[in-house]
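This is protein_17.txt (compact mmCIF, C-alpha atoms (C1' of nucleotides)).
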```txt
# COMPACT_ATOMS: atom_id res chain seq x y z
CA MET A 21 -3.23 -6.65 7.01
CA LEU A 22 -5.83 -8.39 4.91
CA SER A 23 -7.55 -6.29 2.26
CA LYS A 24 -11.30 -5.92 2.04
CA LYS A 25 -11.17 -8.04 -1.07
CA THR A 26 -9.82 -10.93 0.96
CA LYS A 27 -12.26 -10.45 3.80
CA TYR A 28 -15.22 -10.18 1.43
CA GLY A 29 -14.02 -13.26 -0.43
CA ILE A 30 -13.81 -15.29 2.75
CA LYS A 31 -17.25 -14.16 3.87
CA ALA A 32 -18.71 -15.09 0.51
CA LEU A 33 -17.11 -18.53 0.70
CA ILE A 34 -18.52 -19.04 4.20
CA TYR A 35 -21.93 -18.01 2.92
CA LEU A 36 -21.71 -20.51 0.07
CA ALA A 37 -20.52 -23.25 2.42
CA ASN A 38 -23.65 -22.70 4.49
CA SER A 39 -25.97 -22.80 1.49
CA PRO A 40 -27.65 -25.98 0.25
CA GLU A 41 -25.17 -27.96 -1.82
CA ASN A 42 -25.12 -27.55 -5.59
CA GLU A 43 -27.74 -24.85 -5.53
CA PRO A 44 -26.27 -21.75 -7.16
CA VAL A 45 -26.38 -18.55 -5.12
CA SER A 46 -26.54 -15.23 -6.92
CA ILE A 47 -24.13 -12.35 -6.41
CA LEU A 48 -27.02 -10.16 -5.38
CA ASP A 49 -28.06 -12.63 -2.69
CA ILE A 50 -24.58 -12.70 -1.17
CA SER A 51 -23.94 -8.98 -1.54
CA THR A 52 -27.15 -7.99 0.24
CA SER A 53 -26.85 -10.64 2.96
CA GLU A 54 -23.24 -9.79 3.72
CA ASP A 55 -23.49 -6.09 2.93
CA ILE A 56 -20.81 -6.04 0.26
CA SER A 57 -20.71 -3.78 -2.79
CA ARG A 58 -22.31 -5.83 -5.56
CA LYS A 59 -19.90 -4.92 -8.32
CA PHE A 60 -16.85 -5.37 -6.15
CA LEU A 61 -18.07 -8.77 -5.00
CA GLU A 62 -18.69 -9.67 -8.63
CA SER A 63 -15.00 -9.26 -9.45
CA ILE A 64 -14.01 -11.29 -6.41
CA LEU A 65 -16.29 -14.20 -7.27
CA LEU A 66 -15.04 -14.09 -10.84
CA LEU A 67 -11.52 -14.51 -9.54
CA LEU A 68 -12.52 -17.36 -7.24
CA ARG A 69 -14.15 -19.07 -10.18
CA LYS A 70 -11.16 -18.65 -12.47
CA THR A 71 -8.90 -20.09 -9.80
CA GLY A 72 -11.00 -23.19 -9.30
CA PHE A 73 -12.75 -22.54 -6.01
CA LEU A 74 -16.15 -21.81 -7.49
CA SER A 75 -18.25 -22.83 -10.41
CA ALA A 76 -20.90 -20.60 -11.92
CA LYS A 77 -24.16 -21.12 -13.65
CA LYS A 78 -25.38 -18.38 -15.95
CA GLY A 79 -28.88 -17.19 -16.62
CA LYS A 80 -32.02 -17.23 -14.54
CA GLY A 81 -31.69 -19.27 -11.39
CA GLY A 82 -27.94 -19.23 -11.84
CA GLY A 83 -25.21 -18.16 -9.49
CA TYR A 84 -22.08 -19.47 -7.82
CA TYR A 85 -21.43 -22.65 -5.87
CA LEU A 86 -18.43 -24.33 -4.29
CA ARG A 87 -16.50 -26.68 -6.49
CA LYS A 88 -15.06 -28.72 -3.63
CA ASN A 89 -16.11 -29.66 -0.14
CA PRO A 90 -15.27 -27.00 2.43
CA GLN A 91 -13.22 -29.60 4.33
CA GLU A 92 -10.93 -29.82 1.33
CA ILE A 93 -10.16 -26.12 1.13
CA PRO A 94 -7.36 -24.94 3.43
CA MET A 95 -7.58 -21.31 4.49
CA ALA A 96 -4.01 -20.83 3.27
CA ALA A 97 -5.10 -21.54 -0.31
CA ILE A 98 -7.92 -19.00 -0.11
CA ILE A 99 -5.70 -16.28 1.30
CA ARG A 100 -3.00 -16.88 -1.30
CA ILE A 101 -5.45 -16.34 -4.14
CA LEU A 102 -7.19 -13.31 -2.69
CA GLU A 103 -4.35 -11.60 -0.86
CA GLY A 104 -1.16 -12.96 -2.33
CA PRO A 105 1.88 -14.18 -0.37
CA ILE A 106 1.46 -15.23 3.25
CA ALA A 107 5.18 -14.67 3.84
CA LEU A 108 6.40 -11.26 4.99
CA LEU A 109 9.19 -11.14 2.39
CA PRO A 110 9.27 -12.37 -1.22
CA CYS A 111 12.52 -14.25 -0.51
CA VAL A 112 10.75 -16.57 1.94
CA SER A 113 7.54 -17.05 -0.02
CA LEU A 114 6.79 -20.61 -1.11
CA ASN A 115 4.31 -19.63 -3.82
CA PHE A 116 5.48 -16.15 -4.82
CA TYR A 117 9.24 -16.44 -4.43
CA GLU A 118 11.50 -13.60 -5.53
CA LYS A 119 15.14 -13.15 -4.78
CA CYS A 120 16.10 -10.05 -2.83
CA ALA A 121 18.19 -7.73 -4.97
CA ASP A 122 20.20 -6.63 -1.97
CA CYS A 123 21.02 -10.04 -0.56
CA SER A 124 23.87 -12.16 -1.86
CA ASN A 125 23.65 -15.06 0.55
CA GLU A 126 20.14 -16.08 1.48
CA LYS A 127 21.12 -18.93 3.76
CA GLU A 128 23.28 -16.70 5.89
CA CYS A 129 20.81 -13.81 5.98
CA LYS A 130 19.43 -13.53 9.49
CA ILE A 131 16.39 -11.54 8.40
CA HIS A 132 15.63 -14.26 5.88
CA ASN A 133 15.84 -16.98 8.50
CA LEU A 134 13.69 -15.09 10.96
CA MET A 135 11.03 -14.56 8.30
CA ILE A 136 11.06 -18.26 7.48
CA GLU A 137 10.20 -18.98 11.08
CA VAL A 138 7.35 -16.48 11.01
CA ARG A 139 6.04 -17.89 7.75
CA ASP A 140 6.13 -21.46 9.02
CA SER A 141 4.33 -20.63 12.22
CA ALA A 142 1.57 -18.84 10.33
CA LEU A 143 1.30 -21.63 7.78
CA LYS A 144 1.00 -24.23 10.51
CA VAL A 145 -2.30 -22.60 11.40
CA LEU A 146 -3.56 -21.66 7.95
CA GLU A 147 -2.77 -24.97 6.25
CA ASN A 148 -4.54 -26.94 8.95
CA ARG A 149 -7.75 -24.95 9.12
CA THR A 150 -10.20 -25.45 6.29
CA LEU A 151 -13.18 -23.46 5.12
CA ALA A 152 -15.34 -25.99 6.95
CA ASP A 153 -13.66 -25.13 10.25
CA ILE A 154 -14.63 -21.49 10.04
CA ALA A 155 -17.92 -21.82 8.14
CA TYR A 156 -20.02 -24.00 10.40
CA LYS A 157 -21.43 -22.84 13.70
CA MET B 25 4.46 -8.12 3.01
CA LEU B 26 6.96 -5.85 4.70
CA SER B 27 7.53 -2.46 3.08
CA LYS B 28 10.96 -1.23 2.05
CA LYS B 29 10.76 1.21 4.89
CA THR B 30 10.62 -1.67 7.36
CA LYS B 31 13.36 -3.63 5.67
CA TYR B 32 15.64 -0.59 5.47
CA GLY B 33 14.92 0.21 9.09
CA ILE B 34 15.85 -3.29 10.22
CA LYS B 35 19.04 -3.25 8.16
CA ALA B 36 20.01 0.09 9.65
CA LEU B 37 19.41 -1.22 13.17
CA ILE B 38 21.54 -4.28 12.42
CA TYR B 39 24.28 -2.01 11.12
CA LEU B 40 24.15 0.07 14.28
CA ALA B 41 24.17 -3.02 16.48
CA ASN B 42 27.38 -4.09 14.79
CA SER B 43 29.05 -0.70 15.22
CA PRO B 44 31.22 0.21 18.21
CA GLU B 45 28.98 1.15 21.11
CA ASN B 46 28.12 4.78 21.75
CA GLU B 47 29.91 5.94 18.65
CA PRO B 48 27.44 7.77 16.44
CA VAL B 49 27.11 6.55 12.86
CA SER B 50 26.07 9.03 10.19
CA ILE B 51 23.14 8.54 7.84
CA LEU B 52 25.54 8.75 4.90
CA ASP B 53 27.64 5.93 6.32
CA ILE B 54 24.66 3.62 6.67
CA SER B 55 23.04 4.61 3.39
CA THR B 56 26.18 3.94 1.34
CA SER B 57 27.07 0.73 3.18
CA GLU B 58 23.57 -0.70 2.88
CA ASP B 59 22.73 0.93 -0.45
CA ILE B 60 19.67 2.80 0.75
CA SER B 61 18.43 6.15 -0.56
CA ARG B 62 19.94 8.69 1.82
CA LYS B 63 16.89 10.91 2.15
CA PHE B 64 14.52 8.00 2.60
CA LEU B 65 16.76 6.50 5.26
CA GLU B 66 16.88 9.87 6.96
CA SER B 67 13.13 9.82 7.53
CA ILE B 68 13.28 6.26 8.83
CA LEU B 69 16.02 7.02 11.35
CA LEU B 70 14.13 10.11 12.45
CA LEU B 71 11.13 7.91 13.21
CA LEU B 72 13.25 5.38 15.08
CA ARG B 73 14.68 8.19 17.15
CA LYS B 74 11.30 9.69 17.98
CA THR B 75 10.03 6.29 19.07
CA GLY B 76 12.91 5.68 21.45
CA PHE B 77 15.03 3.16 19.60
CA LEU B 78 17.78 5.56 18.62
CA SER B 79 19.49 8.64 19.93
CA ALA B 80 21.14 11.18 17.69
CA LYS B 81 24.04 13.53 17.98
CA LYS B 82 24.08 16.58 15.77
CA GLY B 83 27.02 18.31 14.13
CA LYS B 84 30.37 17.08 13.00
CA GLY B 85 31.17 13.59 14.18
CA GLY B 86 27.52 13.14 14.99
CA GLY B 87 25.07 10.47 13.89
CA TYR B 88 22.77 7.85 15.31
CA TYR B 89 23.32 5.17 17.91
CA LEU B 90 21.21 2.58 19.69
CA ARG B 91 19.54 3.68 22.88
CA LYS B 92 19.24 0.18 24.34
CA ASN B 93 21.14 -3.07 24.10
CA PRO B 94 20.15 -5.12 21.07
CA GLN B 95 19.22 -7.99 23.43
CA GLU B 96 16.54 -5.77 24.89
CA ILE B 97 14.84 -4.98 21.59
CA PRO B 98 12.31 -7.61 20.42
CA MET B 99 11.81 -7.79 16.68
CA ALA B 100 8.07 -7.42 17.26
CA ALA B 101 8.60 -3.91 18.66
CA ILE B 102 10.66 -2.86 15.65
CA ILE B 103 8.13 -4.16 13.16
CA ARG B 104 5.23 -2.51 14.96
CA ILE B 105 6.86 0.89 14.72
CA LEU B 106 8.01 0.60 11.12
CA GLU B 107 5.24 -1.47 9.58
CA GLY B 108 2.27 -1.18 11.89
CA PRO B 109 0.09 -4.07 13.11
CA ILE B 110 1.46 -7.60 13.07
CA ALA B 111 -2.08 -8.98 13.11
CA LEU B 112 -3.89 -9.64 9.83
CA LEU B 113 -7.07 -7.87 10.94
CA PRO B 114 -7.55 -4.75 13.09
CA CYS B 115 -10.01 -6.64 15.31
CA VAL B 116 -7.26 -8.99 16.51
CA SER B 117 -4.48 -6.44 16.86
CA LEU B 118 -3.09 -5.98 20.37
CA ASN B 119 -1.53 -2.61 19.66
CA PHE B 120 -3.70 -1.21 16.89
CA TYR B 121 -7.12 -2.59 17.79
CA GLU B 122 -10.18 -1.52 15.85
CA LYS B 123 -13.63 -3.04 15.92
CA CYS B 124 -14.93 -4.47 12.66
CA ALA B 125 -17.92 -2.48 11.43
CA ASP B 126 -19.50 -5.61 9.99
CA CYS B 127 -19.14 -7.86 13.02
CA SER B 128 -21.58 -7.81 15.92
CA ASN B 129 -20.16 -10.65 17.98
CA GLU B 130 -16.40 -10.85 18.01
CA LYS B 131 -16.15 -13.85 20.29
CA GLU B 132 -18.35 -15.94 18.03
CA CYS B 133 -16.70 -14.80 14.80
CA LYS B 134 -14.77 -17.67 13.31
CA ILE B 135 -12.59 -15.46 11.14
CA HIS B 136 -11.70 -13.47 14.23
CA ASN B 137 -10.70 -16.59 16.14
CA LEU B 138 -8.64 -17.95 13.28
CA MET B 139 -6.79 -14.65 12.98
CA ILE B 140 -6.05 -14.66 16.69
CA GLU B 141 -4.34 -17.99 16.24
CA VAL B 142 -2.28 -16.67 13.34
CA ARG B 143 -1.33 -13.57 15.28
CA ASP B 144 -0.27 -15.55 18.34
CA SER B 145 1.87 -17.93 16.35
CA ALA B 146 3.66 -15.07 14.61
CA LEU B 147 4.12 -13.19 17.87
CA LYS B 148 5.59 -16.24 19.54
CA VAL B 149 8.48 -15.90 17.11
CA LEU B 150 8.76 -12.13 16.89
CA GLU B 151 8.51 -11.43 20.62
CA ASN B 152 11.22 -13.95 21.41
CA ARG B 153 13.80 -12.88 18.86
CA THR B 154 15.70 -9.71 19.59
CA LEU B 155 17.79 -7.44 17.43
CA ALA B 156 20.83 -9.17 18.91
CA ASP B 157 19.66 -12.52 17.54
CA ILE B 158 19.63 -11.29 13.97
CA ALA B 159 22.44 -8.75 14.13
CA TYR B 160 25.43 -10.82 15.16
CA LYS B 161 27.10 -13.34 12.89
C1' DT C 7 34.64 33.23 14.61
C1' DA C 8 33.96 31.06 10.38
C1' DA C 9 33.69 26.83 7.77
C1' DT C 10 32.00 22.48 7.86
C1' DA C 11 29.52 18.38 8.90
C1' DA C 12 25.95 16.48 10.68
C1' DT C 13 20.74 16.00 12.06
C1' DC C 14 15.96 18.15 11.92
C1' DC C 15 11.80 19.23 9.67
C1' DT C 16 8.21 20.17 6.32
C1' DA C 17 6.56 19.87 1.94
C1' DC C 18 6.24 17.87 -2.46
C1' DT C 19 5.94 14.27 -6.32
C1' DA C 20 5.48 10.04 -9.06
C1' DA C 21 3.93 5.50 -9.11
C1' DT C 22 1.27 1.92 -7.49
C1' DC C 23 -2.50 -0.33 -5.15
C1' DC C 24 -7.20 -0.55 -3.22
C1' DC C 25 -12.00 -0.09 -3.52
C1' DA C 26 -15.63 0.67 -6.08
C1' DT C 27 -18.52 1.66 -10.19
C1' DA C 28 -20.24 1.55 -15.24
C1' DG C 29 -22.04 -0.57 -18.94
C1' DG C 30 -22.61 -3.61 -22.28
C1' DA C 31 -21.98 -8.73 -23.96
C1' DT C 32 -23.28 -13.28 -23.19
C1' DT C 33 -26.06 -17.11 -21.66
C1' DA C 34 -29.89 -19.77 -19.63
C1' DT C 35 -34.65 -20.07 -18.09
C1' DA C 36 -39.63 -19.70 -18.29
C1' DT D 10 -39.26 -12.95 -26.22
C1' DA D 11 -38.61 -11.08 -21.68
C1' DT D 12 -35.94 -11.65 -17.86
C1' DA D 13 -32.34 -12.83 -14.75
C1' DA D 14 -28.14 -14.03 -14.12
C1' DT D 15 -22.84 -14.16 -15.02
C1' DC D 16 -18.87 -12.36 -17.98
C1' DC D 17 -15.66 -8.93 -19.13
C1' DT D 18 -13.16 -4.66 -19.78
C1' DA D 19 -12.47 -0.14 -18.60
C1' DT D 20 -12.32 3.73 -15.57
C1' DG D 21 -11.75 6.84 -11.52
C1' DG D 22 -10.77 8.60 -6.87
C1' DG D 23 -8.32 8.09 -2.81
C1' DA D 24 -4.76 6.16 0.00
C1' DT D 25 -0.24 4.44 0.52
C1' DT D 26 4.61 3.84 -0.77
C1' DA D 27 9.05 5.30 -2.10
C1' DG D 28 11.68 8.80 -2.85
C1' DT D 29 13.22 13.95 -3.45
C1' DA D 30 14.14 18.93 -2.28
C1' DG D 31 15.71 22.39 0.36
C1' DG D 32 16.47 24.98 4.00
C1' DA D 33 16.85 25.35 9.43
C1' DT D 34 19.36 23.98 13.27
C1' DT D 35 23.24 22.44 15.96
C1' DA D 36 27.94 20.93 17.14
C1' DT D 37 32.82 20.56 16.04
C1' DT D 38 37.21 22.27 14.79
C1' DA D 39 40.62 24.91 12.47
```

Mind turning the file's structure into structure tokens?
Amino acid sequence: MLSKKTKYGIKALIYLANSPENEPVSILDISTSEDISRKFLESILLLLRKTGFLSAKKGKGGGYYLRKNPQEIPMAAIIRILEGPIALLPCVSLNFYEKCADCSNEKECKIHNLMIEVRDSALKVLENRTLADIAYK
Amino acid sequence: MLSKKTKYGIKALIYLANSPENEPVSILDISTSEDISRKFLESILLLLRKTGFLSAKKGKGGGYYLRKNPQEIPMAAIIRILEGPIALLPCVSLNFYEKCADCSNEKECKIHNLMIEVRDSALKVLENRTLADIAYK
DNA sequence: TAATAATCCTACTAATCCCATAGGATTATA
DNA sequence: TATAATCCTATGGGATTAGTAGGATTATTA
């Protein structure tokens, strides 16, 4: 299940996608509009900035704005940053791969192969939907 | 990501599927063969028994055995019991549904609709693969 | 019938993660 | 210079995860 962090992050990104381009939006604005704890949202936006999704402008009139067009941001990329792996097991994760300690032969492992199928079917959706697809009404 | 509980549970079920039918297998047997903490496995098998996947026989020569044929057990059912919802949000879960507090119109919610797609694509795999598919070599 | 081998059941613990908050430092604007 | 914003680090409570402990119960068999 997605954490609140992820859900809040997505809602904030939708909010920014629906704001006038290149006009910074303050944390307070987003947190009151979307009813999200201000300080918690702050840490989320900080993360989204450090990972290249957002830029920030400090000082009066400052705030956050999208660095790229919403059409260029796949939902899979957002979820990976906020939530972590999309795969159900580390051994089938494309971006957070880890070998299973208890598995000597990955290619023969039936659980492994099943989880690859699940991952691919989920990715097929999440890689092909962008922020623009879910942001605009 | 799947918890160890889920992974251990699946491995135990595979082990039982590959054991001679109707011959009980002891916790100790499974835990040593699969290198799983005996006491932790005990609680997992207890859960699988209470939810109808396994039957148990007490006393000497006793142990656990599958209640149904592996072909009749979809992986989705196993994961739901051990892990919980397959969906990424409670508001799109078929078996663990919960309304989102922050969402007034589910049908119009774009996040909701995206997550339905993800859920359905994962279920398409997990409902159609049975324990038999992953147990036999 | 007594020893033994197994599950059953409840409670407990340590570690980690999630959600949120606090408070000051820094920076830009008017 | 006052103000409004982000930046950054630290902290705390609660929930979840993974595992442990120990005795109660039940069935077999010698």

Chain A post-superposition (all in-order Cα pairs with chain B) as a PDB file with C-alpha atoms, keeping the file's coordinate frame:
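out-v8.pdb, written as the output of this step:
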```
ATOM      1  CA  MET A  21       4.476  -8.147   3.025  1.00  0.00           C
ATOM      2  CA  LEU A  22       6.974  -5.883   4.709  1.00  0.00           C
ATOM      3  CA  SER A  23       7.557  -2.502   3.091  1.00  0.00           C
ATOM      4  CA  LYS A  24      10.974  -1.276   2.057  1.00  0.00           C
ATOM      5  CA  LYS A  25      10.785   1.176   4.909  1.00  0.00           C
ATOM      6  CA  THR A  26      10.633  -1.695   7.364  1.00  0.00           C
ATOM      7  CA  LYS A  27      13.374  -3.664   5.673  1.00  0.00           C
ATOM      8  CA  TYR A  28      15.651  -0.627   5.461  1.00  0.00           C
ATOM      9  CA  GLY A  29      14.934   0.173   9.099  1.00  0.00           C
ATOM     10  CA  ILE A  30      15.867  -3.316  10.211  1.00  0.00           C
ATOM     11  CA  LYS A  31      19.058  -3.271   8.166  1.00  0.00           C
ATOM     12  CA  ALA A  32      20.025   0.069   9.646  1.00  0.00           C
ATOM     13  CA  LEU A  33      19.418  -1.244  13.159  1.00  0.00           C
ATOM     14  CA  ILE A  34      21.563  -4.305  12.431  1.00  0.00           C
ATOM     15  CA  TYR A  35      24.285  -2.023  11.123  1.00  0.00           C
ATOM     16  CA  LEU A  36      24.157   0.081  14.282  1.00  0.00           C
ATOM     17  CA  ALA A  37      24.181  -3.021  16.479  1.00  0.00           C
ATOM     18  CA  ASN A  38      27.409  -4.074  14.790  1.00  0.00           C
ATOM     19  CA  SER A  39      29.051  -0.682  15.222  1.00  0.00           C
ATOM     20  CA  PRO A  40      31.209   0.232  18.218  1.00  0.00           C
ATOM     21  CA  GLU A  41      28.959   1.144  21.128  1.00  0.00           C
ATOM     22  CA  ASN A  42      28.076   4.779  21.752  1.00  0.00           C
ATOM     23  CA  GLU A  43      29.886   5.954  18.669  1.00  0.00           C
ATOM     24  CA  PRO A  44      27.390   7.786  16.469  1.00  0.00           C
ATOM     25  CA  VAL A  45      27.078   6.570  12.886  1.00  0.00           C
ATOM     26  CA  SER A  46      26.038   9.017  10.200  1.00  0.00           C
ATOM     27  CA  ILE A  47      23.123   8.546   7.825  1.00  0.00           C
ATOM     28  CA  LEU A  48      25.506   8.764   4.912  1.00  0.00           C
ATOM     29  CA  ASP A  49      27.640   5.958   6.322  1.00  0.00           C
ATOM     30  CA  ILE A  50      24.655   3.636   6.674  1.00  0.00           C
ATOM     31  CA  SER A  51      23.033   4.618   3.390  1.00  0.00           C
ATOM     32  CA  THR A  52      26.169   3.952   1.347  1.00  0.00           C
ATOM     33  CA  SER A  53      27.085   0.743   3.184  1.00  0.00           C
ATOM     34  CA  GLU A  54      23.596  -0.697   2.896  1.00  0.00           C
ATOM     35  CA  ASP A  55      22.741   0.900  -0.435  1.00  0.00           C
ATOM     36  CA  ILE A  56      19.671   2.761   0.758  1.00  0.00           C
ATOM     37  CA  SER A  57      18.411   6.098  -0.544  1.00  0.00           C
ATOM     38  CA  ARG A  58      19.909   8.678   1.808  1.00  0.00           C
ATOM     39  CA  LYS A  59      16.859  10.874   2.160  1.00  0.00           C
ATOM     40  CA  PHE A  60      14.504   7.965   2.613  1.00  0.00           C
ATOM     41  CA  LEU A  61      16.746   6.460   5.274  1.00  0.00           C
ATOM     42  CA  GLU A  62      16.857   9.851   6.964  1.00  0.00           C
ATOM     43  CA  SER A  63      13.097   9.789   7.526  1.00  0.00           C
ATOM     44  CA  ILE A  64      13.264   6.237   8.831  1.00  0.00           C
ATOM     45  CA  LEU A  65      15.996   7.000  11.353  1.00  0.00           C
ATOM     46  CA  LEU A  66      14.091  10.082  12.445  1.00  0.00           C
ATOM     47  CA  LEU A  67      11.114   7.883  13.193  1.00  0.00           C
ATOM     48  CA  LEU A  68      13.231   5.354  15.073  1.00  0.00           C
ATOM     49  CA  ARG A  69      14.639   8.174  17.145  1.00  0.00           C
ATOM     50  CA  LYS A  70      11.255   9.677  17.949  1.00  0.00           C
ATOM     51  CA  THR A  71       9.996   6.282  19.046  1.00  0.00           C
ATOM     52  CA  GLY A  72      12.870   5.675  21.422  1.00  0.00           C
ATOM     53  CA  PHE A  73      15.002   3.145  19.588  1.00  0.00           C
ATOM     54  CA  LEU A  74      17.751   5.550  18.619  1.00  0.00           C
ATOM     55  CA  SER A  75      19.433   8.616  19.941  1.00  0.00           C
ATOM     56  CA  ALA A  76      21.086  11.181  17.712  1.00  0.00           C
ATOM     57  CA  LYS A  77      23.971  13.521  18.016  1.00  0.00           C
ATOM     58  CA  LYS A  78      23.986  16.583  15.800  1.00  0.00           C
ATOM     59  CA  GLY A  79      26.871  18.346  14.162  1.00  0.00           C
ATOM     60  CA  LYS A  80      30.260  17.159  13.025  1.00  0.00           C
ATOM     61  CA  GLY A  81      31.076  13.667  14.178  1.00  0.00           C
ATOM     62  CA  GLY A  82      27.425  13.161  15.003  1.00  0.00           C
ATOM     63  CA  GLY A  83      25.023  10.486  13.911  1.00  0.00           C
ATOM     64  CA  TYR A  84      22.713   7.846  15.323  1.00  0.00           C
ATOM     65  CA  TYR A  85      23.282   5.164  17.935  1.00  0.00           C
ATOM     66  CA  LEU A  86      21.172   2.562  19.695  1.00  0.00           C
ATOM     67  CA  ARG A  87      19.512   3.655  22.879  1.00  0.00           C
ATOM     68  CA  LYS A  88      19.220   0.159  24.329  1.00  0.00           C
ATOM     69  CA  ASN A  89      21.131  -3.075  24.081  1.00  0.00           C
ATOM     70  CA  PRO A  90      20.159  -5.145  21.055  1.00  0.00           C
ATOM     71  CA  GLN A  91      19.245  -8.007  23.410  1.00  0.00           C
ATOM     72  CA  GLU A  92      16.548  -5.794  24.868  1.00  0.00           C
ATOM     73  CA  ILE A  93      14.841  -5.009  21.583  1.00  0.00           C
ATOM     74  CA  PRO A  94      12.335  -7.631  20.414  1.00  0.00           C
ATOM     75  CA  MET A  95      11.828  -7.803  16.664  1.00  0.00           C
ATOM     76  CA  ALA A  96       8.087  -7.443  17.243  1.00  0.00           C
ATOM     77  CA  ALA A  97       8.605  -3.940  18.647  1.00  0.00           C
ATOM     78  CA  ILE A  98      10.672  -2.881  15.639  1.00  0.00           C
ATOM     79  CA  ILE A  99       8.152  -4.189  13.138  1.00  0.00           C
ATOM     80  CA  ARG A 100       5.241  -2.538  14.930  1.00  0.00           C
ATOM     81  CA  ILE A 101       6.874   0.873  14.689  1.00  0.00           C
ATOM     82  CA  LEU A 102       8.036   0.585  11.100  1.00  0.00           C
ATOM     83  CA  GLU A 103       5.266  -1.490   9.564  1.00  0.00           C
ATOM     84  CA  GLY A 104       2.303  -1.190  11.869  1.00  0.00           C
ATOM     85  CA  PRO A 105       0.112  -4.063  13.102  1.00  0.00           C
ATOM     86  CA  ILE A 106       1.479  -7.600  13.048  1.00  0.00           C
ATOM     87  CA  ALA A 107      -2.074  -8.970  13.101  1.00  0.00           C
ATOM     88  CA  LEU A 108      -3.872  -9.634   9.820  1.00  0.00           C
ATOM     89  CA  LEU A 109      -7.051  -7.852  10.950  1.00  0.00           C
ATOM     90  CA  PRO A 110      -7.515  -4.725  13.085  1.00  0.00           C
ATOM     91  CA  CYS A 111      -9.980  -6.611  15.314  1.00  0.00           C
ATOM     92  CA  VAL A 112      -7.239  -8.976  16.502  1.00  0.00           C
ATOM     93  CA  SER A 113      -4.456  -6.423  16.839  1.00  0.00           C
ATOM     94  CA  LEU A 114      -3.053  -5.965  20.339  1.00  0.00           C
ATOM     95  CA  ASN A 115      -1.478  -2.576  19.642  1.00  0.00           C
ATOM     96  CA  PHE A 116      -3.663  -1.182  16.857  1.00  0.00           C
ATOM     97  CA  TYR A 117      -7.077  -2.554  17.772  1.00  0.00           C
ATOM     98  CA  GLU A 118     -10.153  -1.476  15.832  1.00  0.00           C
ATOM     99  CA  LYS A 119     -13.571  -3.000  15.930  1.00  0.00           C
ATOM    100  CA  CYS A 120     -14.888  -4.421  12.677  1.00  0.00           C
ATOM    101  CA  ALA A 121     -17.873  -2.429  11.471  1.00  0.00           C
ATOM    102  CA  ASP A 122     -19.474  -5.531  10.035  1.00  0.00           C
ATOM    103  CA  CYS A 123     -19.113  -7.795  13.040  1.00  0.00           C
ATOM    104  CA  SER A 124     -21.528  -7.733  15.951  1.00  0.00           C
ATOM    105  CA  ASN A 125     -20.116 -10.572  18.003  1.00  0.00           C
ATOM    106  CA  GLU A 126     -16.351 -10.789  18.023  1.00  0.00           C
ATOM    107  CA  LYS A 127     -16.114 -13.795  20.300  1.00  0.00           C
ATOM    108  CA  GLU A 128     -18.313 -15.872  18.059  1.00  0.00           C
ATOM    109  CA  CYS A 129     -16.688 -14.722  14.819  1.00  0.00           C
ATOM    110  CA  LYS A 130     -14.770 -17.631  13.349  1.00  0.00           C
ATOM    111  CA  ILE A 131     -12.606 -15.416  11.158  1.00  0.00           C
ATOM    112  CA  HIS A 132     -11.685 -13.426  14.243  1.00  0.00           C
ATOM    113  CA  ASN A 133     -10.685 -16.533  16.155  1.00  0.00           C
ATOM    114  CA  LEU A 134      -8.650 -17.915  13.293  1.00  0.00           C
ATOM    115  CA  MET A 135      -6.780 -14.623  12.972  1.00  0.00           C
ATOM    116  CA  ILE A 136      -6.029 -14.645  16.686  1.00  0.00           C
ATOM    117  CA  GLU A 137      -4.333 -17.983  16.239  1.00  0.00           C
ATOM    118  CA  VAL A 138      -2.280 -16.670  13.334  1.00  0.00           C
ATOM    119  CA  ARG A 139      -1.313 -13.564  15.271  1.00  0.00           C
ATOM    120  CA  ASP A 140      -0.246 -15.547  18.320  1.00  0.00           C
ATOM    121  CA  SER A 141       1.870 -17.941  16.330  1.00  0.00           C
ATOM    122  CA  ALA A 142       3.664 -15.083  14.596  1.00  0.00           C
ATOM    123  CA  LEU A 143       4.133 -13.203  17.852  1.00  0.00           C
ATOM    124  CA  LYS A 144       5.607 -16.260  19.521  1.00  0.00           C
ATOM    125  CA  VAL A 145       8.493 -15.926  17.092  1.00  0.00           C
ATOM    126  CA  LEU A 146       8.779 -12.152  16.872  1.00  0.00           C
ATOM    127  CA  GLU A 147       8.540 -11.450  20.603  1.00  0.00           C
ATOM    128  CA  ASN A 148      11.241 -13.977  21.394  1.00  0.00           C
ATOM    129  CA  ARG A 149      13.811 -12.909  18.835  1.00  0.00           C
ATOM    130  CA  THR A 150      15.711  -9.729  19.573  1.00  0.00           C
ATOM    131  CA  LEU A 151      17.803  -7.454  17.415  1.00  0.00           C
ATOM    132  CA  ALA A 152      20.846  -9.180  18.888  1.00  0.00           C
ATOM    133  CA  ASP A 153      19.677 -12.534  17.533  1.00  0.00           C
ATOM    134  CA  ILE A 154      19.632 -11.317  13.962  1.00  0.00           C
ATOM    135  CA  ALA A 155      22.464  -8.769  14.126  1.00  0.00           C
ATOM    136  CA  TYR A 156      25.446 -10.842  15.167  1.00  0.00           C
ATOM    137  CA  LYS A 157      27.128 -13.358  12.916  1.00  0.00           C
TER     138      LYS A 157
END
```

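You will find CA of His136 in chain B at 8.0 Å from CA of Leu113 in chain B.
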
At a cut-off of 6 Å, list the chain C residues touching chain A, using all atoms listed in the file, as a PyMOL selection string.
chain C and resi 33-35

Practice prompt. Counting all atoms listed in the file, select every polymer residue within 12 Å of (-22.6, -18.1, -15.4) as defined in the file's coordinates, and provide the selection as a ChimeraX atom specification.
Written response: /A:44-47,62,65-66,69-70,74-85 /C:32-34 /D:13-16
